[in-house]
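Below is model.txt, holding compact mmCIF, C-alpha atoms.
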# COMPACT_ATOMS: atom_id res chain seq x y z
CA MET Q 978 215.98 137.47 -121.50
CA LYS Q 979 213.94 134.70 -123.06
CA LYS Q 980 210.60 133.81 -121.52
CA GLY Q 981 211.78 130.36 -120.44
CA ALA Q 982 214.84 131.79 -118.75
CA LYS Q 983 212.72 134.38 -116.94
CA ILE Q 984 210.43 131.65 -115.63
CA THR Q 985 213.42 129.61 -114.45
CA VAL Q 986 214.91 132.59 -112.65
CA GLY Q 987 211.55 133.34 -111.07
CA VAL Q 988 211.12 129.79 -109.84
CA LEU Q 989 214.63 129.72 -108.40
CA ALA Q 990 214.03 133.03 -106.64
CA ALA Q 991 210.76 131.74 -105.21
CA LEU Q 992 212.43 128.55 -104.03
CA THR Q 993 215.19 130.60 -102.40
CA VAL Q 994 212.61 132.70 -100.56
CA LEU Q 995 210.62 129.65 -99.55
CA GLY Q 996 213.78 127.88 -98.51
CA GLY Q 997 214.78 130.84 -96.37
CA ALA Q 998 211.31 131.05 -94.89
CA GLY Q 999 211.34 127.32 -94.21
CA PHE Q 1000 214.66 127.53 -92.42
CA TYR Q 1001 213.44 130.53 -90.40
CA LEU Q 1002 210.29 128.68 -89.35
CA SER Q 1003 212.30 125.58 -88.47
CA GLN Q 1004 214.36 127.70 -86.06
CA THR Q 1005 211.41 129.57 -84.54
CA LEU Q 1006 207.77 128.46 -84.54
CA ILE Q 1007 208.40 124.86 -85.57
CA LYS Q 1008 211.13 124.46 -82.96
CA TRP Q 1009 208.86 126.06 -80.36
CA LYS Q 1010 206.10 123.60 -81.23
CA LEU Q 1011 208.57 120.76 -80.70
CA MET Q 1012 209.36 122.23 -77.29
CA GLU Q 1013 205.68 122.40 -76.43
CA TYR Q 1014 205.24 118.76 -77.37
CA GLU Q 1015 208.47 117.24 -76.07
CA ILE Q 1016 209.76 119.41 -73.22
CA LEU Q 1017 207.30 122.04 -71.97
CA PRO Q 1018 204.96 119.55 -70.21
CA VAL Q 1019 207.84 118.76 -67.85
CA PHE Q 1020 208.01 122.42 -66.83
CA THR Q 1021 204.31 123.26 -66.78
CA ASP Q 1022 202.94 120.25 -64.92
CA GLY Q 1023 203.43 121.50 -61.37
CA GLU Q 1024 206.84 122.99 -62.19
CA THR Q 1025 207.37 126.69 -61.46
CA VAL Q 1026 210.22 129.17 -61.59
CA THR Q 1027 212.24 129.08 -58.36
CA GLU Q 1028 211.37 132.10 -56.22
CA PRO Q 1029 213.27 134.02 -53.50
CA TYR Q 1030 213.13 132.42 -50.05
CA PRO Q 1031 210.06 133.95 -48.30
CA TYR Q 1032 211.31 133.47 -44.72
CA ALA Q 1033 214.58 135.39 -45.03
CA ASP Q 1034 213.41 138.00 -42.49
CA ILE Q 1035 212.11 135.62 -39.83
CA GLU Q 1036 213.15 136.56 -36.27
CA VAL Q 1037 215.53 134.20 -34.46
CA PRO Q 1038 215.00 133.70 -30.69
CA ASP Q 1039 217.71 135.14 -28.45
CA GLU Q 1040 218.01 131.84 -26.58
CA PHE Q 1041 219.29 130.01 -29.69
CA ARG Q 1042 222.93 128.99 -29.28
CA ALA Q 1043 225.75 129.06 -31.82
CA CYS Q 1044 226.67 125.77 -33.53
CA SER Q 1045 229.40 124.92 -36.03
CA ILE Q 1046 229.63 121.70 -38.03
CA LYS Q 1047 231.97 120.98 -40.96
CA GLY Q 1048 232.60 124.62 -41.77
CA ILE Q 1049 228.94 125.65 -41.49
CA ASP Q 1050 227.82 128.01 -38.71
CA PHE Q 1051 224.22 128.29 -37.54
CA GLU Q 1052 222.08 128.90 -34.48
CA ALA Q 1053 219.68 126.36 -32.98
CA PRO Q 1054 217.74 125.66 -29.78
CA ASP Q 1055 219.89 124.74 -26.77
CA GLY Q 1056 220.19 121.09 -25.77
CA LEU Q 1057 221.13 119.49 -29.10
CA PHE Q 1058 223.77 116.76 -28.99
CA TRP Q 1059 225.65 114.46 -31.37
CA MET Q 1060 223.54 111.58 -32.62
CA TYR Q 1061 226.69 109.52 -33.18
CA PRO Q 1062 229.29 110.97 -30.75
CA ASP Q 1063 231.97 108.41 -31.61
CA VAL Q 1064 231.84 108.92 -35.39
CA THR Q 1065 234.27 111.51 -36.80
CA GLU Q 1066 233.87 111.09 -40.58
CA GLY Q 1067 231.10 110.78 -43.13
CA LEU Q 1068 227.37 111.47 -42.93
CA LYS Q 1069 226.90 110.34 -39.32
CA SER Q 1070 229.59 112.73 -38.06
CA GLY Q 1071 227.44 115.75 -38.93
CA ILE Q 1072 224.14 114.99 -37.18
CA ILE Q 1073 222.81 116.62 -34.00
CA VAL Q 1074 219.44 115.90 -32.39
CA ASP Q 1075 217.37 116.82 -29.37
CA ASN Q 1076 216.40 113.27 -28.37
CA ASP Q 1077 217.79 109.75 -28.87
CA ASN Q 1078 214.29 108.35 -29.27
CA VAL Q 1079 213.04 109.02 -32.82
CA GLU Q 1080 209.41 108.92 -31.62
CA LYS Q 1081 210.09 111.69 -29.11
CA ARG Q 1082 212.49 113.65 -31.27
CA GLU Q 1083 211.46 117.17 -32.24
CA LEU Q 1084 214.52 118.31 -34.19
CA LEU Q 1085 217.42 116.96 -36.25
CA VAL Q 1086 220.12 118.94 -38.09
CA CYS Q 1087 222.52 117.24 -40.49
CA VAL Q 1088 225.48 118.98 -42.16
CA MET Q 1089 226.97 116.89 -44.94
CA ASP Q 1090 230.50 116.90 -46.31
CA LYS Q 1091 231.38 119.39 -49.01
CA GLY Q 1092 230.54 118.02 -52.44
CA GLU Q 1093 231.37 118.64 -56.07
CA PRO Q 1094 228.98 118.57 -59.05
CA GLU Q 1095 230.21 115.25 -60.39
CA ASP Q 1096 229.56 113.62 -57.01
CA GLU Q 1097 225.81 113.42 -57.50
CA ASN Q 1098 224.29 116.49 -59.14
CA GLY Q 1099 225.45 115.73 -62.65
CA PRO Q 1100 228.12 117.27 -64.91
CA ASP Q 1101 229.96 120.43 -63.87
CA ILE Q 1102 230.03 123.61 -65.95
CA ASP Q 1103 233.38 122.69 -67.51
CA HIS Q 1104 231.73 119.68 -69.14
CA PHE Q 1105 229.15 121.87 -70.87
CA ARG Q 1106 231.86 124.28 -72.01
CA GLU Q 1107 233.91 121.41 -73.44
CA VAL Q 1108 230.99 120.10 -75.51
CA GLY Q 1109 230.25 123.61 -76.82
CA PHE Q 1110 226.94 124.02 -75.01
CA PHE Q 1111 227.53 127.70 -74.16
CA ASP Q 1112 228.61 128.72 -77.66
CA LYS Q 1113 228.33 132.20 -79.20
CA ARG Q 1114 224.81 131.58 -80.47
CA MET Q 1115 223.63 130.30 -77.10
CA ASN Q 1116 225.18 133.22 -75.24
CA LYS Q 1117 223.68 135.71 -77.71
CA GLY Q 1118 220.25 134.21 -77.12
CA LEU Q 1119 220.72 134.29 -73.35
CA LYS Q 1120 221.58 137.98 -73.42
CA LYS Q 1121 218.57 138.74 -75.63
CA LEU Q 1122 216.44 136.95 -73.04
CA GLY Q 1123 217.99 139.10 -70.31
CA TYR Q 1124 220.30 136.45 -68.79
CA GLU Q 1125 224.07 136.36 -68.46
CA PRO Q 1126 226.05 133.25 -69.45
CA PRO Q 1127 227.01 131.40 -66.21
CA GLU Q 1128 230.59 131.56 -64.97
CA ASN Q 1129 230.35 128.81 -62.32
CA TYR Q 1130 228.28 125.82 -61.25
CA HIS Q 1131 225.99 127.75 -58.89
CA ASP Q 1132 225.14 130.33 -61.54
CA MET Q 1133 224.42 127.57 -64.06
CA ILE Q 1134 221.95 125.95 -61.66
CA PHE Q 1135 220.50 129.37 -60.78
CA LEU Q 1136 219.94 130.00 -64.49
CA CYS Q 1137 218.25 126.60 -64.85
CA GLU Q 1138 215.91 127.29 -61.96
CA THR Q 1139 214.98 130.91 -62.59
CA PHE Q 1140 214.56 131.22 -66.37
CA ASP Q 1141 211.00 131.78 -67.54
CA TYR Q 1142 210.17 130.17 -70.87
CA LYS Q 1143 207.26 132.60 -71.29
CA LYS Q 1144 209.77 135.44 -71.82
CA CYS Q 1145 210.90 133.87 -75.10
CA ASN Q 1146 210.11 135.62 -78.38
CA LYS Q 1147 208.91 132.73 -80.57
CA PHE Q 1148 209.96 134.64 -83.70
CA SER Q 1149 213.58 135.11 -82.59
CA PRO Q 1150 215.84 132.23 -83.73
CA SER Q 1151 218.51 133.01 -81.12
CA GLU Q 1152 216.00 133.24 -78.25
CA VAL Q 1153 214.22 130.03 -79.26
CA ASN Q 1154 217.56 128.25 -79.58
CA ALA Q 1155 218.69 129.46 -76.15
CA MET Q 1156 215.38 128.55 -74.51
CA TYR Q 1157 215.41 125.10 -76.10
CA LYS Q 1158 218.92 124.47 -74.78
CA LEU Q 1159 218.01 125.85 -71.34
CA MET Q 1160 215.18 123.37 -71.11
CA GLU Q 1161 217.53 120.56 -72.12
CA LEU Q 1162 220.01 121.74 -69.48
CA LYS Q 1163 217.39 121.81 -66.76
CA ALA Q 1164 216.20 118.34 -67.70
CA ILE Q 1165 219.76 117.10 -67.17
CA MET Q 1166 220.53 119.08 -64.03
CA VAL Q 1167 217.29 118.74 -62.03
CA PRO Q 1168 218.68 118.17 -58.53
CA SER Q 1169 217.98 114.99 -56.64
CA MET Q 1170 216.33 115.36 -53.25
CA LEU Q 1171 218.33 114.25 -50.20
CA LEU Q 1172 216.24 112.77 -47.43
CA TYR Q 1173 217.31 111.78 -43.95
CA LYS Q 1174 214.63 109.95 -41.99
CA GLY Q 1175 215.18 110.98 -38.42
CA VAL Q 1176 212.08 112.71 -36.98
CA SER Q 1177 208.59 111.29 -36.63
CA GLY Q 1178 206.32 113.99 -37.93
CA ASP Q 1179 203.10 115.50 -36.71
CA GLU Q 1180 200.51 116.25 -39.39
CA SER Q 1181 199.05 119.05 -37.28
CA TYR Q 1182 202.22 121.00 -38.12
CA THR Q 1183 202.86 119.91 -41.69
CA GLU Q 1184 199.51 119.25 -43.33
CA ASP Q 1185 199.51 122.68 -45.03
CA VAL Q 1186 203.15 122.56 -46.17
CA GLU Q 1187 203.65 122.34 -49.93
CA ALA Q 1188 206.85 121.15 -51.58
CA GLU Q 1189 208.63 124.28 -52.78
CA ARG Q 1190 212.15 125.27 -53.85
CA TYR Q 1191 213.65 128.72 -53.26
CA TYR Q 1192 216.92 130.59 -53.63
CA TYR Q 1193 218.56 132.68 -50.91
CA ASP Q 1194 221.65 134.91 -50.79
CA ASN Q 1195 222.85 136.46 -47.52
CA GLY Q 1196 226.16 137.85 -48.82
CA ASN Q 1197 228.20 135.15 -47.06
CA MET Q 1198 226.72 132.27 -49.00
CA LYS Q 1199 224.21 131.50 -51.74
CA SER Q 1200 221.80 128.63 -51.43
CA PHE Q 1201 218.87 126.74 -52.85
CA ILE Q 1202 216.33 125.73 -50.21
CA THR Q 1203 213.89 122.89 -50.72
CA GLN Q 1204 210.88 122.88 -48.40
CA THR Q 1205 208.97 119.65 -48.14
CA THR Q 1206 207.27 117.16 -45.86
CA GLY Q 1207 209.19 113.93 -45.41
CA GLU Q 1208 207.54 110.54 -45.72
CA ASN Q 1209 207.45 110.39 -41.93
CA GLY Q 1210 205.44 113.64 -41.78
CA ALA Q 1211 208.16 115.90 -40.39
CA TYR Q 1212 208.78 119.32 -41.88
CA GLU Q 1213 212.02 119.31 -43.87
CA LEU Q 1214 214.32 122.02 -45.21
CA ASN Q 1215 217.22 120.97 -47.43
CA LEU Q 1216 219.75 123.76 -48.00
CA GLU Q 1217 222.26 123.45 -50.84
CA VAL Q 1218 224.84 125.96 -49.62
CA TYR Q 1219 227.55 127.63 -51.74
CA ASP Q 1220 230.39 129.73 -50.35
CA VAL Q 1221 230.43 133.02 -52.30
CA ASN Q 1222 234.18 132.46 -52.75
CA ASP Q 1223 233.73 128.92 -54.10
CA LEU Q 1224 230.61 128.76 -56.26
CA ASP Q 1225 231.60 125.52 -57.98
CA ASN Q 1226 231.09 123.38 -54.84
CA TRP Q 1227 228.43 123.10 -52.16
CA GLN Q 1228 227.33 121.55 -48.87
CA ASN Q 1229 223.93 120.24 -47.91
CA VAL Q 1230 222.35 121.21 -44.61
CA ILE Q 1231 219.23 119.22 -43.74
CA ILE Q 1232 216.84 120.39 -41.03
CA LEU Q 1233 214.02 118.10 -39.88
CA SER Q 1234 211.59 119.51 -37.35
CA LYS Q 1235 208.11 118.90 -36.04
CA ASP Q 1236 207.73 122.68 -35.95
CA PRO Q 1237 208.28 124.46 -39.31
CA GLU Q 1238 208.90 127.76 -37.51
CA VAL Q 1239 211.96 126.34 -35.71
CA ALA Q 1240 213.38 124.90 -38.93
CA ARG Q 1241 212.97 128.27 -40.69
CA GLN Q 1242 214.64 130.09 -37.80
CA ILE Q 1243 217.65 127.78 -37.99
CA ALA Q 1244 217.83 128.11 -41.78
CA LYS Q 1245 217.89 131.89 -41.47
CA THR Q 1246 221.16 131.70 -39.48
CA VAL Q 1247 223.07 129.26 -41.74
CA GLN Q 1248 226.30 130.70 -43.12
CA ILE Q 1249 229.84 129.74 -44.06
CA ALA Q 1250 232.15 129.68 -41.03
CA GLU Q 1251 234.87 132.31 -40.98
CA ASP Q 1252 238.46 131.05 -41.02

Will you turn the file into structure tokens for me?
Amino acid sequence: MKKGAKITVGVLAALTVLGGAGFYLSQTLIKWKLMEYEILPVFTDGETVTEPYPYADIEVPDEFRACSIKGIDFEAPDGLFWMYPDVTEGLKSGIIVDNDNVEKRELLVCVMDKGEPEDENGPDIDHFREVGFFDKRMNKGLKKLGYEPPENYHDMIFLCETFDYKKCNKFSPSEVNAMYKLMELKAIMVPSMLLYKGVSGDESYTEDVEAERYYYDNGNMKSFITQTTGENGAYELNLEVYDVNDLDNWQNVIILSKDPEVARQIAKTVQIAED
């Protein structure tokens, strides 16, 4: 081979190697740097991986009585009554309280109508399948990260809330791709908070309460539980409840209480009513 031809072949080979290396870097470290700049601040600035509910073993007083609203069973202190006794449909039909006077009220429980993803929480899982979000490459990356591709809406949200970006191997194209798409998914599906102002709070109870989000599974239902302090100072638990036999739909159960212990005791008993 002539010298000029050898040089040409060598240059082409070098360009091929560099081109391959460039593509590899664009799918790994460079893409990760883009994540750090564009997306990661959203997840690292006060955002944590959703943890298991820490009050799952709380003891429930024997004097609590059984309640059932809109297909949700739970136990609560005796003496609660309908806030709107003449209303049979919609939000107001699912609210019970311990006092008509909001200033004297200690407890409010609201069970909302059953909802579907497109109602308010964003696209359902079928939408993401239709646009090719969970393609073979994505699913391969998920499995390498130790996650299973979701089969329903609950599992998709659970994946969004429990993945840990620190588990990602920055030198694995499939893992970086999956993590990048997971972050995009979470940015789309971050749930909106539902607030019902119905109890005047007492800072002596709630001053140490931090806004947290947990997951909880009791075998009868799966749920995400948001713990927060409402603008009025009352302790608030918002349960997004999924029937284990219908994980594509949910119901919200909102508990407002001056006493966090009471709210946690009620939340412990929430389950899907048996037919």

Proximity to Q:Thr1246 - best of Q:Ala1155, Q:Gly1118, Q:Asn1195, Q:Asn1222, only C-alpha atoms: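 Closest to Q:Thr1246 of all the choices is Q:Asn1195.
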
In Å and to one decimal, atom CA of Q:Asp1101 is distant from atom CA of Q:Glu1128 by 11.2 Å

As number ranges by chain, please: the residues near Q:Val1074 (cut-off 9 Å, only C-alpha atoms, same-chain neighbours under 6 positions excluded). Q: 1056-1060, 1082-1087, 1175

Rounded to one decimal, what separation in Å do you get between atom CA of Q:Asp1050 and atom CA of Q:Ala1250? 5.2 Å

Of Q:Lys1144, Q:Gly1109, Q:Gly1196, Q:Glu1040, the one nearest to Q:Glu1052 when counting all atoms listed in the file is Q:Glu1040

Pairwise distance for atom CA of Q:Lys1069 and atom CA of Q:Met1089, rounded to one decimal in Å: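 Taking atom CA of Q:Lys1069 and atom CA of Q:Met1089, their separation equals 8.6 Å.
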
Fewer than 5 positions away in the same chain doesn't count, so skip those; otherwise give me all residues within 7 Å of stretch 1237-1245 of chain Q, counting only C-alpha atoms, as a compact mmCIF listing (two decimals) with C-alpha atoms, keeping the file's coordinate frame.
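Final output, part.txt:
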# COMPACT_ATOMS: atom_id res chain seq x y z
CA TYR Q 1032 211.31 133.47 -44.72
CA ALA Q 1033 214.58 135.39 -45.03
CA ILE Q 1035 212.11 135.62 -39.83
CA GLU Q 1036 213.15 136.56 -36.27
CA VAL Q 1037 215.53 134.20 -34.46
CA PHE Q 1051 224.22 128.29 -37.54
CA GLU Q 1052 222.08 128.90 -34.48
CA ALA Q 1053 219.68 126.36 -32.98
CA TYR Q 1212 208.78 119.32 -41.88
CA LEU Q 1214 214.32 122.02 -45.21
CA ILE Q 1232 216.84 120.39 -41.03

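Among the candidate residues Q:Asn1116, Q:Ile1231, Q:Val1108, Q:Leu1224, the one lying nearest to Q:Gln1204 is Q:Ile1231, with distances computed using all atoms listed in the file.
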
Wanna dump the stretch 1020-1132 of chain Q-stretch 1156-1162 of chain Q contacts at 9 Å for me, each residue with its shortest atom pair and the distance in Å to one decimal, counting only C-alpha atoms, ordered by chain and number, as JSON lines?
{"residue": "Q:Phe1020", "atom": "CA", "partner": "Q:Met1160", "partner_atom": "CA", "distance": 8.4}
{"residue": "Q:Phe1110", "atom": "CA", "partner": "Q:Lys1158", "partner_atom": "CA", "distance": 8.0}
{"residue": "Q:Met1115", "atom": "CA", "partner": "Q:Lys1158", "partner_atom": "CA", "distance": 7.8}
{"residue": "Q:Gly1118", "atom": "CA", "partner": "Q:Met1156", "partner_atom": "CA", "distance": 7.9}
{"residue": "Q:Leu1119", "atom": "CA", "partner": "Q:Met1156", "partner_atom": "CA", "distance": 7.9}
{"residue": "Q:Leu1122", "atom": "CA", "partner": "Q:Met1156", "partner_atom": "CA", "distance": 8.6}

Of the residues Q:Asp1090, Q:Tyr1193, Q:Thr1205, Q:Lys1081, which is the one nearest to Q:Glu1066, using all atoms listed in the file?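 Checking each of Q:Asp1090, Q:Tyr1193, Q:Thr1205, Q:Lys1081 against Q:Glu1066, counting all atoms listed in the file, the winner is Q:Asp1090.
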
Determine, counting all atoms listed in the file, which protein, DNA and RNA residues have an atom within 12 Å of an atom of Q:Asp1194; residues of the same chain fewer than 5 positions away are not included. Present the result as a ChimeraX atom specification. /Q:1028-1031,1033,1131,1135,1199-1202,1216-1221,1244-1249
